[in-house]
Structures are given as C-alpha cells and as structure tokens.
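First up is the structure itself, then whatever we jot down about it.
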Amino acid sequence: MSPQKMSVRRVAVVGGARIPFARSDGPYATASNQQMLTAALDGLVERYGLQEPGAVGEFVAGAVLKHSRDFNLARETVLGSKLHPATPAYDIQQACGTGLQAVIAAANKIALGQTESAVAGGADTASDAPLGVNDSLRRILLQARRAKSLGGRVKALAKVRPGHLVPDIPRNAEPRTGLSMGEHAAVTARARGIGRAAQDELAAASHQRLAAAYERGFFQDLVIPFRGLARDQNLRPGSTAEKLASLKPVFGLDHPDPTMTAGNSTPLTDGAATVLLASEEWARERGLEPLAYLTAYETAAVDFVGGDVAGGEDGLLMAPAYAVPRMLERAGLHLADFDLVEIHEAFASQVLATLAAWEKRGLGTVDRARLNVAGSSLATGHPFAATGARIVATLAKLLAERDAPARGLISICAAGGQGVTAILERA
C-alpha cells in the first residue's frame, strides 16, 4: 500500500491568556512555575470553553529555571488545571525561546493533521529559583550512599565541612564564557557602536506603548489577574528617555563609557503565558474567529565563543540576525512586507544591534512606528519561558485589530547563542 500524501494545513492562533508579569521577589515570590502556569492555562480554558474531554489535543510548555519537582511540569499543570485530565502534555526548553518553540512544536502537529488543537506556553520564576546542593557535599553524600557498611558511611560523612553547606546559587552566566547575558550584550553594544541615548529612547517607548495599550483595554482579554496584580508590575507609564538617562550603568563597567543600565535592560521577572492554536476547521466548528495564522518559523545559532564576537556579528544574542534572513528568503519576503515587527527586548542594545544587522544584510530598515507597538519585554518584564507565548498572542491580536490583510514578524534571542523567529499573517 502506497503511503498517503500528507497535506500541510494552516495553523490558526485563536487567542492567548497570561498572568501579569511581576518583578522577582515581589507578589509572586512564593508562587511556583506550576501555580503560575496553571493560572494562565485556566484563564485560557475558561475563556474558550475548553473543559470537555478532547477539547485540546495536547499541552506543550516549559520553564528555564526548573526544580526537580518540575520534571513533568506541563503534565502536572494539566492535572491541576481545568483542562480535562486526559489531555496529553510534554515539556520543552530552549532558554528564552522556549515559549515560541513550544508554539512551533504544537503548530507542526496541527499543520500535519496529527491534532486539531493545542495549547502552548511557558512559565518562569526568578524568585523561586532552585538551589543546588554544594557539589562537594553531593559527592560526599553519594560516596556515603555507595558505602557497603555503617563504618564506610560514617567515614564518608566525616568529610563534611561547614563550607560544604553553602548551596550552589543559580548564576545568570554562560557556562562557556562565565559572562552574564548583560555583559555579553555590552560586548555587542560596543562592537556595534550602540549609544546610550538610543537605548534609553527605545526603553522609554516600550513603557509608554505598553501603558497606552493597557489604557485602551487591549489586554482585557489577554491578561488574567493573579495574586493582586492586574497589570505588569514592571510597567512605568511615566518613563522618559530623560529620566532613564539619570540611571547608572550596570553592565560593561570594565570599559569606558558603559551604556547599559537597569532601565534599558530587562529585569528578572516571574510570570506565565499560554496561547491557543488550532486548525481552521476546529475554530470554525466552535464559532471562533482566528486572530492570525502562523505561516513560517526559523531557528538559528551563533558561535558566540569563537566566532566574530568582537565585530558584533556573532554576539550571544545575535542569532536572529541569521534566522530572519533565512526565513524571509524562504518565504519570498522582505522587511518592508511586514506591517508589524515584534523583537523581544532582552536589552535595548540587543534590539538595536539586531535591527542594524538586518539592515547590513540588505533586509532594509524597520519603521519604529511598526516596532513593538504595544510595548515589549523592557516594559512587561521577561519570565524566560513565558515571553514567546506572550508575544505570539499579542501580535496575533494586533494583526486582528487591523481588520485587513496584515503580516507580523517575531524575533526572539536566547541564551546559548540561539534565536527563534516566526511569521504571523492575517488573510
């Protein structure tokens, strides 16, 4: 019997739900990844009536900072949520690209006809970060466990010293370089000549645009109140470039004229986000109008250790400079073909460096009036695995508001020198 020819279907973005993002050690200090992700998922389930058996084909989600108890995070979230317990679920992780990669994984199954609907998302808490056992203590404990006699166990445990009780604290640093993401971004900013004023202007615009979006009710059906928050806690509506200019630099201090401050860098954040994806048939049967369609995606990675780092080409956060050109070439598109562009704002300098790289590669320029029009990570905050789902849901709704054919680009940089990008379209 000859194999059936497999057709590829359009994947609809139906809607999204997230909790407000909070600064670390704030309102969500005692909330776990599972609790936050469950709150976001429940909001989505209630909004779109997904409680009955089989309503959702599967749930795909992840977290970057995970406890051992989070080993089956997506499935445990389903079991604690209003989604039917017979819904399959699995975890995925690609650093800051996790949320978008979860969307891509779910979309692929829908496109290939393997499921009719899926929920993708992610959560992260910098407040409840896991603490590892001191590695020397861990080795002693393992030695004691392997001992064949009581005397052997006592002998092993006698090696424990006070210094062994100091836990391993999670570090925001790349294992290959020992540099934090901010320090890597500072290297690229210097190489690209990204100035302080431009960074502060972009950061201020992010806050102003997010504030305006809240004021006009844009997030009313996207954000679910949680633990006393109804808006993103990091939002500063009165932010201006002039106010940001008064902040002291915090990255790149080992070189003259550092430009990166807490104001033009994303803070450590807690939060969760989800997005509902489906086939057109599934949405039609339920009377749901798709906001947009996911039509292309691309990932890339750079050699941020031995590549052209000093020249700014292969900096830690520069992979989208390679992913987007490949994706656009495959789709036969140019930057001018996009009505909206969403670039994850890990740092203002990284956004500006990405724009400069695209222009250098001949993709053209991005009109700032089309860039992150409802604010982005500098204003909302950035719970690592949640950002991708936040951006997909936000961009899909922005496209739907235009009530005309429109196209949007998503670009997300990630730790490990990676990038995840995608295209959303509204026919």
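Residue numbers start at 1 in each chain; chains themselves are named A, B, ... in the order of the structure tokens; ligands are numbered from 1 in the order shown.
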Tell me which protein, DNA and RNA residues are within 7 Å of A:Thr295, counting only C-alpha atoms, leaving out same-chain ones fewer than 3 positions away, and put them as a PyMOL selection string.
chain A and resi 423-425
Put those residues in a file: N, CA, C and O atoms, as a PDB file, in the first residue's frame.
```pdb
ATOM      1  N   ILE A 423       6.659  34.019  11.614  1.00  0.00           N
ATOM      2  CA  ILE A 423       5.817  34.955  10.869  1.00  0.00           C
ATOM      3  C   ILE A 423       4.348  34.634  11.174  1.00  0.00           C
ATOM      4  O   ILE A 423       3.935  33.484  11.123  1.00  0.00           O
ATOM      5  N   LEU A 424       3.590  35.661  11.490  1.00  0.00           N
ATOM      6  CA  LEU A 424       2.137  35.551  11.642  1.00  0.00           C
ATOM      7  C   LEU A 424       1.485  36.358  10.530  1.00  0.00           C
ATOM      8  O   LEU A 424       1.962  37.443  10.183  1.00  0.00           O
ATOM      9  N   GLU A 425       0.377  35.844   9.984  1.00  0.00           N
ATOM     10  CA  GLU A 425      -0.330  36.558   8.924  1.00  0.00           C
ATOM     11  C   GLU A 425      -1.825  36.511   9.182  1.00  0.00           C
ATOM     12  O   GLU A 425      -2.346  35.550   9.746  1.00  0.00           O
TER      13      GLU A 425
END
```
Find the residues near stretch 103-110 of chain A: any atom within 7 Å, counting only C-alpha atoms, skip ones fewer than 4 places away on the same chain, and give them as a PyMOL selection string.
chain A and resi 11+60+99+114-118+120+277-279
Output file for the selection above: N, CA, C and O atoms, as a compact mmCIF listing (two decimals), in the first residue's frame:
```txt
# COMPACT_ATOMS: atom_id res chain seq x y z
N VAL A 11 -2.26 26.93 10.35
CA VAL A 11 -2.39 26.87 11.81
C VAL A 11 -2.87 28.22 12.32
O VAL A 11 -2.22 29.25 12.12
N VAL A 60 1.72 21.91 25.45
CA VAL A 60 3.17 21.95 25.33
C VAL A 60 3.68 23.19 26.04
O VAL A 60 3.25 24.31 25.74
N GLY A 99 9.02 29.59 24.90
CA GLY A 99 7.61 29.82 24.62
C GLY A 99 7.30 29.75 23.14
O GLY A 99 6.30 29.13 22.73
N GLN A 114 -2.05 15.89 12.81
CA GLN A 114 -1.90 14.94 13.91
C GLN A 114 -2.75 15.32 15.11
O GLN A 114 -2.99 14.51 16.01
N THR A 115 -3.19 16.57 15.16
CA THR A 115 -4.12 17.02 16.20
C THR A 115 -4.85 18.24 15.66
O THR A 115 -4.38 18.89 14.71
N GLU A 116 -5.99 18.55 16.24
CA GLU A 116 -6.81 19.66 15.76
C GLU A 116 -6.57 20.93 16.56
O GLU A 116 -6.82 22.04 16.06
N SER A 117 -6.12 20.78 17.78
CA SER A 117 -5.91 21.96 18.63
C SER A 117 -4.83 21.67 19.65
O SER A 117 -4.56 20.51 19.98
N ALA A 118 -4.23 22.72 20.16
CA ALA A 118 -3.18 22.57 21.18
C ALA A 118 -3.01 23.89 21.90
O ALA A 118 -3.32 24.96 21.37
N ALA A 120 0.02 26.06 23.88
CA ALA A 120 1.47 26.16 24.10
C ALA A 120 1.73 27.30 25.07
O ALA A 120 0.95 28.25 25.17
N LEU A 277 -3.83 27.32 19.83
CA LEU A 277 -3.61 27.11 18.40
C LEU A 277 -4.59 26.05 17.92
O LEU A 277 -4.96 25.15 18.67
N ALA A 278 -4.97 26.14 16.64
CA ALA A 278 -5.93 25.17 16.14
C ALA A 278 -5.95 25.15 14.62
O ALA A 278 -5.42 26.06 13.96
N SER A 279 -6.59 24.11 14.08
CA SER A 279 -6.85 24.08 12.65
C SER A 279 -8.01 25.02 12.36
O SER A 279 -8.80 25.36 13.26
```
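Distances here use only C-alpha atoms; by that measure, the residue among A:Glu401, A:Asp257, A:Gln51, A:Gly416 closest to A:Gly178 is A:Gly416.
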Neighbours of A:Asp270 within 9 Å (only C-alpha atoms; same-chain residues fewer than 4 positions away dropped), as a list in words?
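Contacts, with the query itself left out: Pro20, Phe21, Ala22, Arg23, Ser24, Asp25, Gly26, Tyr28, Ala29, Ala31, Asn33, Met36, Ala123, Asp124, Thr125, Ala126, Ser127, Asp128, Gly381, His382, Pro383 and Phe384 of chain A.
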Could you tell me how far atom CA of A:Leu294 sits from atom CA of A:Leu50, in Å to one decimal place?
21.2 Å
Could you state the separation of atom CA of A:Gly97 and atom CA of A:Ser239 in Å, given to one decimal place?
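Atom CA of A:Ser239 lies 27.5 Å from atom CA of A:Gly97.
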Between stretch 336-403 of chain A and stretch 301-323 of chain A, at 6 Å or less, what are the per-residue closest atom pairs and their distances in Å? Count only C-alpha atoms, order by chain and rising residue number, and return it as a tab-separated table.
```
residue	atom	partner	partner_atom	distance
A:Thr354	CA	A:Ala321	CA	5.9
A:Ala357	CA	A:Ala321	CA	5.8
A:Trp358	CA	A:Ala321	CA	5.9
```
Could you save those same residues with all heavy atoms as a short mmCIF file (atom, residue, chain, number, x, y, z; two decimals), in the first residue's frame?
```
data_model
loop_
_atom_site.label_atom_id
_atom_site.label_comp_id
_atom_site.auth_asym_id
_atom_site.auth_seq_id
_atom_site.Cartn_x
_atom_site.Cartn_y
_atom_site.Cartn_z
N THR A 354 20.26 44.10 16.54
CA THR A 354 19.56 43.22 15.60
C THR A 354 19.06 44.00 14.40
O THR A 354 19.21 43.56 13.25
CB THR A 354 18.38 42.52 16.31
OG1 THR A 354 18.89 41.73 17.40
CG2 THR A 354 17.62 41.62 15.35
N ALA A 357 21.94 44.76 12.18
CA ALA A 357 22.41 43.57 11.46
C ALA A 357 21.50 43.25 10.28
O ALA A 357 21.97 42.89 9.19
CB ALA A 357 22.48 42.39 12.42
N TRP A 358 20.20 43.36 10.47
CA TRP A 358 19.27 43.11 9.36
C TRP A 358 19.50 44.10 8.22
O TRP A 358 19.50 43.74 7.05
CB TRP A 358 17.83 43.23 9.84
CG TRP A 358 17.39 42.10 10.72
CD1 TRP A 358 18.01 40.90 10.89
CD2 TRP A 358 16.23 42.07 11.55
NE1 TRP A 358 17.30 40.12 11.78
CE2 TRP A 358 16.22 40.80 12.20
CE3 TRP A 358 15.21 42.98 11.81
CZ2 TRP A 358 15.20 40.45 13.08
CZ3 TRP A 358 14.20 42.63 12.69
CH2 TRP A 358 14.20 41.37 13.33
#
```
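Interatomic distance, atom CA of A:Ala204 to atom CA of A:Gly263: 8.6 Å.
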Go through stretch 45-211 of chain A and collect every residue that DSSP, computed from the backbone, puts in alpha helix (DSSP H); the answer should be as a VMD selection string.
chain A and resid 45 to 48 73 to 79 98 to 111 135 to 146 150 to 157 181 to 192 196 to 211
Find, counting only C-alpha atoms, the residue in A:Asn172, A:Ser246, A:Gln199, A:Thr177 that gets nearest to A:Leu268.
A:Asn172
Which residues in stretch 60-295 of chain A does DSSP call strand (DSSP E or B)? List them as a VMD selection string.
chain A and resid 60 to 62 89 to 91 94 96 117 to 124 132 168 173 180 223 226 229 249 to 251 260 to 261 265 269 to 279 292 to 295
Give me the residues near stretch 153-160 of chain A as a VMD selection string, where near means some atom within 9 Å (using only C-alpha atoms) and where sequence neighbours in that chain fewer than 2 positions away do not count.
chain A and resid 136 to 137 140 to 141 143 to 151 162 to 165
Applying 12 Å and only C-alpha atoms, which residues near A:Gly287 remain after dropping the ones on its own chain fewer than 4 positions away? List them as a VMD selection string.
chain A and resid 14 48 to 49 280 to 283
Could you turn the residues from that selection into a file that holds N, CA, C and O atoms, as a PDB file, in the first residue's frame?
```pdb
ATOM      1  N   VAL A  14      -5.727  31.306  17.895  1.00  0.00           N
ATOM      2  CA  VAL A  14      -7.094  31.633  18.294  1.00  0.00           C
ATOM      3  C   VAL A  14      -7.128  32.679  19.410  1.00  0.00           C
ATOM      4  O   VAL A  14      -7.980  33.568  19.427  1.00  0.00           O
ATOM      5  N   TYR A  48     -12.248  30.154  26.459  1.00  0.00           N
ATOM      6  CA  TYR A  48     -12.610  29.495  25.207  1.00  0.00           C
ATOM      7  C   TYR A  48     -13.377  28.186  25.412  1.00  0.00           C
ATOM      8  O   TYR A  48     -13.588  27.449  24.449  1.00  0.00           O
ATOM      9  N   GLY A  49     -13.839  27.921  26.628  1.00  0.00           N
ATOM     10  CA  GLY A  49     -14.669  26.757  26.888  1.00  0.00           C
ATOM     11  C   GLY A  49     -14.001  25.448  26.532  1.00  0.00           C
ATOM     12  O   GLY A  49     -14.542  24.650  25.752  1.00  0.00           O
ATOM     13  N   GLU A 280      -8.141  25.427  11.100  1.00  0.00           N
ATOM     14  CA  GLU A 280      -9.256  26.302  10.727  1.00  0.00           C
ATOM     15  C   GLU A 280     -10.591  25.597  10.964  1.00  0.00           C
ATOM     16  O   GLU A 280     -11.572  26.228  11.386  1.00  0.00           O
ATOM     17  N   GLU A 281     -10.634  24.294  10.699  1.00  0.00           N
ATOM     18  CA  GLU A 281     -11.867  23.542  10.874  1.00  0.00           C
ATOM     19  C   GLU A 281     -12.301  23.523  12.340  1.00  0.00           C
ATOM     20  O   GLU A 281     -13.491  23.696  12.658  1.00  0.00           O
ATOM     21  N   TRP A 282     -11.353  23.287  13.228  1.00  0.00           N
ATOM     22  CA  TRP A 282     -11.651  23.256  14.668  1.00  0.00           C
ATOM     23  C   TRP A 282     -12.222  24.597  15.111  1.00  0.00           C
ATOM     24  O   TRP A 282     -13.227  24.650  15.838  1.00  0.00           O
ATOM     25  N   ALA A 283     -11.577  25.685  14.692  1.00  0.00           N
ATOM     26  CA  ALA A 283     -12.042  27.019  15.076  1.00  0.00           C
ATOM     27  C   ALA A 283     -13.430  27.293  14.509  1.00  0.00           C
ATOM     28  O   ALA A 283     -14.305  27.844  15.197  1.00  0.00           O
TER      29      ALA A 283
END
```
Taking into account only C-alpha atoms, which residue in the set A:Leu37, A:Leu355, A:Val56, A:Ala414 is nearest to A:Gly121?
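Comparing A:Leu37, A:Leu355, A:Val56, A:Ala414 against A:Gly121, the winner is A:Leu37.
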Residue with smallest distance to A:Glu58 - pool A:Val119, A:Ala400, A:Val275, A:Ala385, counting only C-alpha atoms:
A:Val119
Using only C-alpha atoms, which residues sit within 10 Å of A:Ala245 once same-chain residues fewer than 4 positions away are excluded, as a PyMOL selection string?
chain A and resi 196-197+199-201+240-241+249+259+261+263-264
At a cut-off of 8 Å, using only C-alpha atoms, what residues contact A:Gly54? Leave out same-chain residues fewer than 3 positions from it and give the result as an mmCIF file with N, CA and C atoms, in the first residue's frame.
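Result file selection34.cif:
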```cif
data_model
loop_
_atom_site.group_PDB
_atom_site.id
_atom_site.type_symbol
_atom_site.label_atom_id
_atom_site.label_comp_id
_atom_site.auth_asym_id
_atom_site.auth_seq_id
_atom_site.Cartn_x
_atom_site.Cartn_y
_atom_site.Cartn_z
ATOM 1 N N GLY A 57 -5.964 18.970 21.964
ATOM 2 C CA GLY A 57 -5.197 17.786 21.602
ATOM 3 C C GLY A 57 -4.015 17.534 22.500
ATOM 4 N N HIS A 84 -9.179 19.121 30.709
ATOM 5 C CA HIS A 84 -9.512 17.742 31.039
ATOM 6 C C HIS A 84 -8.244 16.942 31.341
ATOM 7 N N ALA A 86 -7.372 14.049 30.766
ATOM 8 C CA ALA A 86 -6.940 13.115 29.725
ATOM 9 C C ALA A 86 -6.164 13.815 28.613
ATOM 10 N N THR A 87 -5.833 15.091 28.808
ATOM 11 C CA THR A 87 -5.081 15.842 27.799
ATOM 12 C C THR A 87 -3.590 15.529 27.910
#
```
